[in-house]
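Written out below as structure tokens is the structure these notes cover.
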Amino acid sequence: MKMKLIAASLGMILCPYSFAAQDVFEARSDALGGTGVASASLEAAPWMNPALLSLPGYTEGDFGLLIPVLGAEVSDQDNMTDKFDTLEDNYDGLDAAIDGGDVDAIDSFRQALLGDLRGLDGNTAYASAGIGFSFAMPTKGISWGVYYRSYLDGIAVADISDADIQLLEALDPQAPPALEDLTSQGRVIAGASSELALSVSLPLSIVNMPVTVGLTPKLQRLDSFNYAVSANNFDAGDFDSDDYRNDDTGFNLDAGIALMPMEGLTLGLVGRNLIERELDTIESEWVSATFRVGPMVTIGAAFQSGNWQLSSDLDLMDNEKFVGLEGTKYWRLGAEWHALDWLSLRVGYRQDLNDMTADLYSFGTGFQIGSGFKLDLAGMWGDKDTLGAVLQSSYHF
């Protein structure tokens with residue numbers, strides 16, 4: 001009975017909200033709408049599709065090092081964080097006015113606090129962030145790479161109580177009761193995945209058509225967060241305290257295949273997190289959730305002609321981040337132009353076929369500095385005040 005109450009409460013608080021589901025930050029890929037299954041660069045191939053490491057074109061250079069990649073994507077159309085700060089100030093002002101017996105201030109802060117609660121009702125914000133590095137060593141035989149990446153995805157929700165509204169509406173400034181913590185809450189539910197992995201790729205051939213396969217066994221740590229406090233004490237930055245965190249470490253596996261049926265055309269298929277893993281959050285204010293990392297299959301295509309490349313990826317499965325909450329399913333499209341020997345220009349588009357997250361537009365640049373250093377940048381924007389940015393540097397030897 002208790003678990004049914006927890007699940008029902010989670011559904012009421014979070015539905016119909018969704019978690020972003022990008023899972024991988026990489027500046028070139030993100031500038032191209034998130035494509036990469038058939039178009040990832042050498043240094044990004046270990047985590048985008050390990051099979052790419054052995055394709056012709058990848059094996060003709062030396063090794064690549066990506067360190068670091070830093071990325072974030074946020075959506076706060078309701079300006080919820082600032083609203084909670086204002087609510088806390090007005091709550092403290094009301095508390096001080098009651099203690100001091102200032103009737104005019106009590107009424108002023110009471111009205112302000114009512115406005116804060118009504119303005120926060122139904123507000124949400126989400127954010128994702130990632131960091132990582134990779135090393136790729138292509139050869140004519142077995143190619144390999146190693147990488148570390150960590151990715152966090154979370155949503156903040158304002159859960160406003162009718163009891164607080166009724167209490168403040170009925171509060172008599174001439175004879176106010178002692179102020180207690182609000183029953184309204186601020187909540188952050190988040191999940192993080194951190195991986196240390198080895199990618200191995202093997203070249204094959206079918207009727208002289210290049211075909212490669214790749215495997216990525218990985219050590220994977222999951223962290224879940226469930227932070228809930230009274231609205232007058234809410235601070236989103238406290239969500240990762242040990243009091244609200246749960247974690248577990250285990251094994252997982254990615255696998256991919258790539259082929260080149262004709263010159264300039266690459267097709268790819270990758271399955272990530274082929275072993276489903278789940279991690280319960282702690283129970284906080286009678287609500288808990290189950291963070292999920294499960295199989296995701298994506299197909300991709302890329303076509304190179306001269307200085308241009310077009311790429312597209314399609315998720316074949318929903319990416320459900322928390323059990324019981326609908327997941328996302330992306331179609332991605334990107335174009336890259338090598339304008340100069342040292343400059344690349346990129347644009348992209350990402351659409352959620354399940355309409356759970358905003359459509360995202362992206363752009364980016366890549367700079368080659370000297371013979372071995374590259375700097376890549378990407379920017380993203382979409383509806384609901386969604387913004388993102390990714391920065392990375394890489395080295396080729």
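Just remember, in the structure tokens the first chain shown is A, the second B, etc., residues are 1-based per chain, and ligands are 1-based in the order shown.
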
May I have a table of the residues of stretch 120-219 of chain A lying at most 12 Å from stretch 274-291 of chain A, giving each one's closest pair of atoms and their distance in Å to one decimal, counting only C-alpha atoms, ordered by chain and ascending residue number, as a tab-separated table?
residue	atom	partner	partner_atom	distance
A:Leu152	CA	A:Phe291	CA	11.5
A:Asp153	CA	A:Phe291	CA	10.4
A:Gly154	CA	A:Phe291	CA	10.7
A:Asp159	CA	A:Glu285	CA	11.6
A:Thr183	CA	A:Glu285	CA	10.6
A:Ser184	CA	A:Glu285	CA	11.2
A:Gln185	CA	A:Glu285	CA	9.3
A:Gly186	CA	A:Glu285	CA	10.8
A:Arg187	CA	A:Ser284	CA	9.3
A:Val188	CA	A:Ser284	CA	10.4
A:Ile189	CA	A:Ala289	CA	8.1
A:Ala190	CA	A:Phe291	CA	8.0
A:Gly191	CA	A:Phe291	CA	6.1
A:Ala192	CA	A:Phe291	CA	8.7
A:Ser193	CA	A:Phe291	CA	10.0
A:Leu215	CA	A:Leu274	CA	10.9
A:Thr216	CA	A:Leu274	CA	10.4
A:Pro217	CA	A:Leu274	CA	10.1
A:Lys218	CA	A:Ile275	CA	10.9
A:Leu219	CA	A:Ile275	CA	11.9

Report as number ranges by chain all protein, DNA and RNA residues lying within 9 Å of A:Leu353, evaluated on only C-alpha atoms, omitting residues in the same chain fewer than 4 positions from it. A: 328-331

Alpha helix (DSSP H) call set, DSSP backbone run, stretch 37-178 of chain A, as number ranges by chain: A: 45-48, 80-100, 103-120, 162-170

Write out as a PyMOL selection string which residues come within 7 Å of stretch 332-336 of chain A when counting only C-alpha atoms, dropping same-chain ones fewer than 2 positions away. chain A and resi 32-35+308-314+330+338+344-351

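Taking atom CA of A:Asp23 and atom CA of A:Pro203 as endpoints, the distance between them is 27.1 Å.
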
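With distances restricted to only C-alpha atoms, A:Val24 is the closest residue to A:Met48 from A:Met296, A:Val24, A:Leu259, A:Leu387.
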
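Atom pair atom CA of A:Phe251 / atom CA of A:Pro46: separated by 16.8 Å.
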
Please list as a VMD selection string every residue within 8 Å of A:Phe239, counting only C-alpha atoms and excluding residues in the same chain fewer than 2 positions away. chain A and resid 188 225 to 227 235 to 237 241 244

What does the file look like for those residues with N, CA and C atoms, as a CSV table (one decimal), in the first residue's frame?
chain,number,residue,atom,x,y,z
A,188,VAL,N,13.8,18.2,-6.3
A,188,VAL,CA,14.6,17.9,-7.4
A,188,VAL,C,14.8,16.4,-7.5
A,225,PHE,N,19.1,10.9,-7.1
A,225,PHE,CA,18.9,12.0,-6.2
A,225,PHE,C,17.4,12.3,-6.0
A,226,ASN,N,17.0,12.5,-4.8
A,226,ASN,CA,15.6,12.8,-4.5
A,226,ASN,C,15.5,13.8,-3.4
A,227,TYR,N,15.6,15.1,-3.7
A,227,TYR,CA,15.7,16.2,-2.8
A,227,TYR,C,14.3,16.9,-2.6
A,235,ASP,N,16.7,25.0,-1.9
A,235,ASP,CA,17.9,25.5,-2.5
A,235,ASP,C,18.4,24.4,-3.5
A,236,ALA,N,18.1,24.6,-4.8
A,236,ALA,CA,18.4,23.5,-5.8
A,236,ALA,C,19.8,23.0,-5.7
A,237,GLY,N,20.7,23.9,-5.3
A,237,GLY,CA,22.1,23.4,-5.2
A,237,GLY,C,22.4,22.4,-4.2
A,241,SER,N,23.4,16.5,-1.9
A,241,SER,CA,23.9,16.1,-0.6
A,241,SER,C,23.7,14.6,-0.4
A,244,TYR,N,20.4,12.9,0.3
A,244,TYR,CA,19.4,12.7,-0.7
A,244,TYR,C,19.8,11.8,-1.9

What's the 12 Å shell around A:Leu167, counting only C-alpha atoms, without same-chain residues fewer than 6 positions away, as a list in words? Arg110, Gln111, Leu113, Leu114, Leu117, Ser161, Pro176, Pro177, Ala178, Leu179, Glu180, Asp181, Leu182, Thr183 and Ser184 of chain A

Generate the output file for the selected residues, N, CA, C and O atoms, as a compact mmCIF listing (two decimals), in the first residue's frame.
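Result written to out.txt:
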# COMPACT_ATOMS: atom_id res chain seq x y z
N ARG A 110 2.51 38.99 3.88
CA ARG A 110 1.52 37.93 3.66
C ARG A 110 1.04 37.96 2.20
O ARG A 110 0.96 36.92 1.54
N GLN A 111 0.72 39.16 1.70
CA GLN A 111 0.26 39.28 0.32
C GLN A 111 1.37 38.88 -0.67
O GLN A 111 1.11 38.21 -1.68
N LEU A 113 3.84 36.80 -0.12
CA LEU A 113 4.05 35.36 -0.06
C LEU A 113 2.94 34.61 -0.80
O LEU A 113 3.20 33.59 -1.46
N LEU A 114 1.71 35.10 -0.69
CA LEU A 114 0.63 34.51 -1.47
C LEU A 114 0.92 34.60 -2.96
O LEU A 114 0.71 33.62 -3.71
N LEU A 117 3.60 31.97 -3.96
CA LEU A 117 3.09 30.60 -4.04
C LEU A 117 2.25 30.40 -5.30
O LEU A 117 2.40 29.39 -6.01
N SER A 161 1.03 23.73 -2.06
CA SER A 161 -0.05 23.18 -1.24
C SER A 161 -1.21 24.19 -1.11
O SER A 161 -0.98 25.37 -0.80
N PRO A 176 -1.70 37.24 14.43
CA PRO A 176 -1.15 36.16 13.60
C PRO A 176 -0.62 35.02 14.46
O PRO A 176 -0.09 35.23 15.55
N PRO A 177 -0.73 33.79 13.95
CA PRO A 177 -0.12 32.66 14.65
C PRO A 177 1.39 32.64 14.39
O PRO A 177 1.88 33.30 13.49
N ALA A 178 2.08 31.87 15.22
CA ALA A 178 3.52 31.68 14.97
C ALA A 178 3.69 31.00 13.61
O ALA A 178 2.93 30.10 13.25
N LEU A 179 4.67 31.46 12.85
CA LEU A 179 4.86 30.95 11.49
C LEU A 179 5.66 29.66 11.52
O LEU A 179 6.72 29.58 12.14
N GLU A 180 5.12 28.62 10.86
CA GLU A 180 5.81 27.34 10.72
C GLU A 180 6.24 27.14 9.27
O GLU A 180 5.83 27.89 8.39
N ASP A 181 7.08 26.13 9.04
CA ASP A 181 7.50 25.84 7.67
C ASP A 181 6.29 25.59 6.78
O ASP A 181 5.29 24.97 7.20
N LEU A 182 6.36 26.06 5.56
CA LEU A 182 5.30 25.83 4.59
C LEU A 182 5.19 24.35 4.26
O LEU A 182 6.18 23.61 4.28
N THR A 183 3.97 23.92 3.98
CA THR A 183 3.79 22.53 3.53
C THR A 183 4.07 22.39 2.04
O THR A 183 4.27 21.28 1.54
N SER A 184 4.07 23.51 1.29
CA SER A 184 4.50 23.48 -0.10
C SER A 184 5.97 23.09 -0.16
O SER A 184 6.74 23.39 0.75

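The nearest approach to A:Leu253 among the residues A:Asp62, A:Asp164, A:Glu88, A:Glu195, with only C-alpha atoms taken into account, belongs to A:Glu195.
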
Measuring between only C-alpha atoms, which one of A:Asp376, A:Asp121, A:Asp238, A:Glu320 shows the shortest distance to A:Gln392? A:Asp376
